[in-house]
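See below for structure37.csv, which holds CSV, C-alpha atoms.
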```csv
chain,number,residue,atom,x,y,z
A,9,MET,CA,23.4,35.3,-62.9
A,10,SER,CA,26.9,36.4,-61.9
A,11,PRO,CA,28.5,35.1,-58.7
A,12,ARG,CA,28.4,37.3,-55.6
A,13,SER,CA,31.6,39.3,-54.9
A,14,ALA,CA,33.8,38.4,-51.9
A,15,SER,CA,32.6,41.5,-50.1
A,16,VAL,CA,28.9,40.6,-50.5
A,17,ASN,CA,29.7,37.0,-49.3
A,18,GLU,CA,31.5,38.4,-46.3
A,19,GLU,CA,28.6,40.7,-45.4
A,20,LEU,CA,26.2,37.8,-45.7
A,21,ARG,CA,28.3,35.7,-43.4
A,22,ARG,CA,28.6,38.6,-40.9
A,23,ARG,CA,24.8,39.1,-40.8
A,24,SER,CA,24.2,35.3,-40.5
A,25,ARG,CA,26.6,35.2,-37.5
A,26,GLU,CA,25.0,38.2,-35.9
A,27,ARG,CA,21.5,36.6,-36.2
A,28,LEU,CA,22.8,33.5,-34.5
A,29,LEU,CA,24.3,35.6,-31.6
A,30,GLN,CA,21.1,37.6,-31.2
A,31,ALA,CA,19.0,34.4,-31.2
A,32,THR,CA,21.3,33.0,-28.5
A,33,VAL,CA,20.8,36.0,-26.3
A,34,GLU,CA,17.0,35.8,-26.7
A,35,LEU,CA,16.6,32.1,-26.2
A,36,VAL,CA,18.9,31.8,-23.2
A,37,ALA,CA,17.2,34.8,-21.6
A,38,GLU,CA,13.8,33.1,-22.2
A,39,ARG,CA,14.6,29.5,-21.5
A,40,GLY,CA,17.9,29.3,-19.6
A,41,TYR,CA,21.1,27.8,-20.9
A,42,GLU,CA,20.4,24.1,-20.4
A,43,ALA,CA,17.0,24.3,-22.2
A,44,THR,CA,18.4,26.2,-25.2
A,45,THR,CA,19.5,23.9,-28.0
A,46,LEU,CA,21.7,24.7,-31.0
A,47,GLY,CA,18.8,23.6,-33.2
A,48,ALA,CA,16.5,26.1,-31.5
A,49,ILE,CA,19.1,28.9,-31.9
A,50,ALA,CA,19.4,28.1,-35.6
A,51,ASP,CA,15.6,28.0,-36.1
A,52,ARG,CA,15.2,31.4,-34.3
A,53,ALA,CA,17.9,32.9,-36.4
A,54,GLY,CA,16.4,31.5,-39.6
A,55,SER,CA,19.7,29.7,-40.4
A,56,ALA,CA,20.6,26.2,-41.4
A,57,ARG,CA,21.6,24.2,-38.3
A,58,GLY,CA,25.0,23.4,-39.7
A,59,LEU,CA,25.9,27.1,-39.7
A,60,VAL,CA,26.0,27.1,-35.9
A,61,SER,CA,28.8,24.5,-35.9
A,62,TYR,CA,30.5,26.3,-38.8
A,63,TYR,CA,30.8,29.5,-36.8
A,64,PHE,CA,31.2,28.2,-33.2
A,65,PRO,CA,32.8,25.1,-31.8
A,66,GLY,CA,30.1,24.6,-29.2
A,67,LYS,CA,27.2,26.0,-27.3
A,68,ARG,CA,29.3,27.5,-24.5
A,69,GLN,CA,31.5,29.4,-26.9
A,70,LEU,CA,28.4,30.6,-28.7
A,71,LEU,CA,26.9,31.9,-25.5
A,72,GLN,CA,30.1,33.7,-24.4
A,73,THR,CA,30.4,35.3,-27.8
A,74,ALA,CA,26.8,36.4,-27.8
A,75,VAL,CA,27.1,37.9,-24.3
A,76,HIS,CA,30.3,39.7,-25.2
A,77,ARG,CA,28.6,41.1,-28.2
A,78,LEU,CA,25.6,42.3,-26.0
A,79,MET,CA,28.0,43.8,-23.5
A,80,HIS,CA,29.9,45.6,-26.2
A,81,LEU,CA,26.7,47.0,-27.8
A,82,SER,CA,25.4,48.0,-24.3
A,83,LEU,CA,28.7,49.6,-23.4
A,84,GLU,CA,29.0,51.4,-26.7
A,85,ALA,CA,25.4,52.7,-26.4
A,86,GLY,CA,26.1,53.9,-22.8
A,87,LEU,CA,29.3,55.7,-23.7
A,88,GLU,CA,27.8,57.4,-26.8
A,89,ARG,CA,24.4,58.4,-25.4
A,90,GLU,CA,23.5,62.1,-25.4
A,91,PRO,CA,24.9,64.3,-24.1
A,92,ARG,CA,28.2,62.8,-25.4
A,93,THR,CA,31.2,63.5,-23.3
A,94,ALA,CA,35.0,63.1,-23.5
A,95,ASP,CA,35.3,63.4,-19.7
A,96,GLY,CA,37.0,60.2,-18.5
A,97,ARG,CA,35.2,60.0,-15.1
A,98,GLU,CA,31.8,60.3,-16.7
A,99,ARG,CA,32.7,57.7,-19.3
A,100,LEU,CA,33.9,55.3,-16.5
A,101,ALA,CA,30.6,55.9,-14.7
A,102,ARG,CA,28.6,55.1,-17.8
A,103,ALA,CA,30.7,51.9,-18.4
A,104,ILE,CA,30.0,50.7,-14.8
A,105,ASP,CA,26.3,51.4,-15.2
A,106,ALA,CA,26.1,49.7,-18.6
A,107,ILE,CA,27.6,46.4,-17.3
A,108,LEU,CA,25.7,46.5,-14.0
A,109,GLY,CA,22.5,47.3,-16.0
A,110,LEU,CA,22.9,44.0,-17.8
A,111,SER,CA,22.9,42.0,-14.5
A,112,ARG,CA,19.7,43.8,-13.7
A,113,ASP,CA,18.0,43.6,-17.1
A,114,GLN,CA,19.3,40.1,-18.3
A,115,PRO,CA,19.8,38.1,-15.1
A,116,VAL,CA,19.3,34.6,-16.6
A,117,LEU,CA,21.6,35.3,-19.5
A,118,MET,CA,24.3,36.9,-17.4
A,119,ARG,CA,24.2,34.2,-14.8
A,120,ALA,CA,24.7,31.6,-17.5
A,121,HIS,CA,27.6,33.6,-18.9
A,122,MET,CA,29.3,33.8,-15.5
A,123,ALA,CA,28.8,30.1,-14.9
A,124,GLY,CA,30.4,29.3,-18.2
A,125,ILE,CA,33.4,31.5,-17.5
A,126,LEU,CA,34.0,29.6,-14.2
A,127,GLN,CA,34.0,26.2,-16.0
A,128,ALA,CA,37.1,24.4,-17.2
A,129,GLN,CA,37.0,26.0,-20.7
A,130,GLY,CA,37.2,29.4,-19.0
A,131,PHE,CA,37.3,32.7,-20.9
A,132,VAL,CA,36.7,32.5,-24.6
A,133,GLN,CA,38.7,34.9,-26.8
A,134,CYS,CA,36.6,36.1,-29.8
A,135,PRO,CA,36.3,39.3,-31.9
A,136,GLU,CA,33.4,40.4,-29.8
A,137,GLN,CA,35.4,40.1,-26.6
A,138,GLN,CA,38.2,42.0,-28.2
A,139,ARG,CA,35.9,44.9,-29.2
A,140,LEU,CA,34.6,45.0,-25.6
A,141,ALA,CA,38.1,45.0,-24.2
A,142,ALA,CA,39.1,47.8,-26.5
A,143,LEU,CA,36.2,50.0,-25.4
A,144,LEU,CA,37.0,49.3,-21.7
A,145,ARG,CA,40.7,49.9,-22.2
A,146,ASP,CA,39.9,53.2,-23.9
A,147,THR,CA,37.7,54.1,-21.0
A,148,VAL,CA,40.5,53.4,-18.5
A,149,HIS,CA,42.8,55.5,-20.6
A,150,ARG,CA,40.4,58.4,-20.8
A,151,TYR,CA,39.9,58.1,-17.0
A,152,GLY,CA,43.6,59.0,-16.7
A,153,SER,CA,45.2,55.6,-15.9
A,154,PRO,CA,49.0,55.8,-16.0
A,155,ASP,CA,49.2,52.1,-16.7
A,156,VAL,CA,46.2,50.8,-18.8
A,157,ASP,CA,47.8,47.3,-19.0
A,158,ALA,CA,47.5,47.0,-15.2
A,159,ASP,CA,44.3,49.0,-14.6
A,160,TYR,CA,42.2,47.5,-17.4
A,161,PRO,CA,42.3,43.9,-16.0
A,162,LEU,CA,41.5,45.3,-12.5
A,163,LEU,CA,38.5,47.1,-13.8
A,164,ARG,CA,37.3,44.0,-15.7
A,165,ALA,CA,37.7,41.9,-12.5
A,166,ASN,CA,35.8,44.5,-10.4
A,167,LEU,CA,33.0,44.6,-13.0
A,168,MET,CA,32.8,40.8,-13.2
A,169,GLY,CA,32.9,40.6,-9.4
A,170,ALA,CA,30.0,43.0,-9.1
A,171,VAL,CA,27.9,41.2,-11.7
A,172,PHE,CA,28.6,37.9,-9.9
A,173,ALA,CA,27.6,39.4,-6.6
A,174,ALA,CA,24.4,40.8,-8.1
A,175,LEU,CA,23.4,37.4,-9.5
A,176,LEU,CA,24.5,35.1,-6.7
A,177,PRO,CA,21.5,32.7,-6.2
A,178,GLY,CA,20.0,33.0,-2.8
A,179,ALA,CA,22.2,35.9,-1.7
A,180,PRO,CA,22.2,38.6,-4.4
A,181,MET,CA,23.6,42.0,-3.5
A,182,ASP,CA,21.7,45.1,-4.4
A,183,THR,CA,23.1,46.7,-7.6
A,184,GLY,CA,22.8,50.2,-6.1
A,185,LYS,CA,25.1,49.1,-3.3
A,186,LEU,CA,27.5,47.5,-5.8
A,187,ARG,CA,27.4,50.7,-7.9
A,188,ALA,CA,28.2,52.8,-4.8
A,189,GLU,CA,31.2,50.6,-3.9
A,190,LEU,CA,32.6,50.8,-7.5
A,191,PHE,CA,32.0,54.6,-7.7
A,192,GLN,CA,33.7,55.1,-4.4
A,193,ARG,CA,36.6,52.9,-5.5
A,194,TYR,CA,37.1,55.0,-8.6
A,195,GLY,CA,36.3,58.4,-7.1
A,196,LEU,CA,33.1,59.0,-9.1
A,197,ASP,CA,30.1,61.1,-8.1
A,198,TRP,CA,26.8,59.3,-7.8
A,199,GLU,CA,25.1,61.7,-10.2
A,200,MET,CA,27.5,60.6,-13.0
A,201,GLY,CA,26.4,57.9,-15.5
A,202,VAL,CA,22.8,56.8,-15.1
A,203,PRO,CA,21.9,56.5,-11.4
A,204,PRO,CA,19.5,53.6,-10.7
A,205,GLU,CA,16.6,55.8,-9.8
A,206,GLN,CA,16.8,57.5,-13.2
A,207,GLY,CA,16.3,54.2,-15.1
A,208,THR,CA,17.9,53.5,-18.4
```
Once you've parsed the file, please lay out its structure as structure tokens.
Amino acid sequence: MSPRSASVNEELRRRSRERLLQATVELVAERGYEATTLGAIADRAGSARGLVSYYFPGKRQLLQTAVHRLMHLSLEAGLEREPRTADGRERLARAIDAILGLSRDQPVLMRAHMAGILQAQGFVQCPEQQRLAALLRDTVHRYGSPDVDADYPLLRANLMGAVFAALLPGAPMDTGKLRAELFQRYGLDWEMGVPPEQGT
């Protein structure tokens, strides 16, 4: 039996890593962050337990990477859904709806993510976060920003603030009101994107 090629090995590593990220999303959503162990994540992914530590330095980094991947996939699906559009305002509306939709559809997961960002380790840089950032930067560019380097961090902060407000224990804000505020701020029409009453 001949040894596997480097490209085959790379593909196997990519799939293994993605299974771990998906298992993290599922388990944290089901059990919460504290009750989710690295061993349980490995078991759900069908991976050896040592692989978790091989790919990720710890549970917090694993969670942030998993959520950034989910956010990227959700944003990409929202931007590319039919009918596809190149209109920058429509794309920004879809981006807002995709991220706010995660706070509605995955509250336990997103709350754990936001809590992790606010801890001492802060924001984890990873390939998934960079892909998410690239999509959001492209959206800001298509929206017509004259200074993407200034406007992208502001959009990111506005979206994170809205998610935090939607998930604040004991005093959550309605996502429809948060959406209306963001749409007003960016001059978007309510009918753009996927208004809440239409569902997703």
Residue with smallest distance to Arg57 in chain A - pool A:Ala37, A:Val148, A:Ser24, A:Leu162, counting only C-alpha atoms: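 Of A:Ala37, A:Val148, A:Ser24, A:Leu162, the one nearest Arg57 in chain A, counting only C-alpha atoms, is A:Ser24.
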Shortest interatomic distance to Met118 in chain A - which of A:Arg97, A:Arg145, A:His76, A:Arg102, counting only C-alpha atoms: A:His76
Applying 12 Å and only C-alpha atoms, which residues near Tyr62 in chain A remain after dropping the ones on its own chain fewer than 5 positions away? List them as a VMD selection string. chain A and resid 21 24 to 25 28 46 50 55 to 57 67 70
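Comparing A:Ala142, A:Leu29, A:Ala101, A:Val132 by their smallest distance to Ala188 in chain A, the closest is A:Ala101 (using only C-alpha atoms).
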Determine, counting all atoms listed in the file, which protein, DNA and RNA residues have an atom within 12 Å of an atom of Pro177 in chain A; residues of the same chain fewer than 2 positions away are not included. Present the result as a ChimeraX atom specification. /A:115-116,119-120,123,171-175,179-181
Ranking A:Val202, A:Arg187, A:Val75, A:Arg52 by minimum distance to Phe131 in chain A and counting all atoms listed in the file, which one comes first?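 Under the stated criterion, the closest residue is A:Val75.
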Find the distance between CA of Leu126 in chain A and CA of Arg27 in chain A and write it in Å to one decimal.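 These two atoms are separated by 26.3 Å.
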Between CA of Leu108 in chain A and CA of Leu81 in chain A, what is the spacing in Å? 13.8 Å
Find the residues near range 149-154 of chain A: any atom within 10 Å, counting all atoms listed in the file, skip ones fewer than 4 places away on the same chain, and give them as a PDB file with C-alpha atoms, in the frame of the given file.
```pdb
ATOM      1  CA  ALA A  94      35.000  63.100 -23.500  1.00  0.00           C
ATOM      2  CA  ASP A  95      35.300  63.400 -19.700  1.00  0.00           C
ATOM      3  CA  GLY A  96      37.000  60.200 -18.500  1.00  0.00           C
ATOM      4  CA  ARG A  97      35.200  60.000 -15.100  1.00  0.00           C
ATOM      5  CA  GLU A  98      31.800  60.300 -16.700  1.00  0.00           C
ATOM      6  CA  ARG A  99      32.700  57.700 -19.300  1.00  0.00           C
ATOM      7  CA  LEU A 100      33.900  55.300 -16.500  1.00  0.00           C
ATOM      8  CA  ALA A 101      30.600  55.900 -14.700  1.00  0.00           C
ATOM      9  CA  LEU A 143      36.200  50.000 -25.400  1.00  0.00           C
ATOM     10  CA  LEU A 144      37.000  49.300 -21.700  1.00  0.00           C
ATOM     11  CA  ARG A 145      40.700  49.900 -22.200  1.00  0.00           C
ATOM     12  CA  ALA A 158      47.500  47.000 -15.200  1.00  0.00           C
ATOM     13  CA  ASP A 159      44.300  49.000 -14.600  1.00  0.00           C
ATOM     14  CA  TYR A 160      42.200  47.500 -17.400  1.00  0.00           C
ATOM     15  CA  TYR A 194      37.100  55.000  -8.600  1.00  0.00           C
TER      16      TYR A 194
END
```
Just give me the gap between CA of Leu59 in chain A and CA of Gln137 in chain A in Å, one decimal is fine.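 Interatomic distance, CA of Leu59 in chain A to CA of Gln137 in chain A: 20.8 Å.
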Option closest in space to Tyr41 in chain A, from A:Arg164, A:Arg112, A:His121, A:Arg139 [counting all atoms listed in the file]: A:His121
Find, counting only C-alpha atoms, the residue in A:Val60, A:Ile49, A:Leu83, A:Ala74 that gets nearest to Asp146 in chain A.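 Under the stated criterion, the closest residue is A:Leu83.
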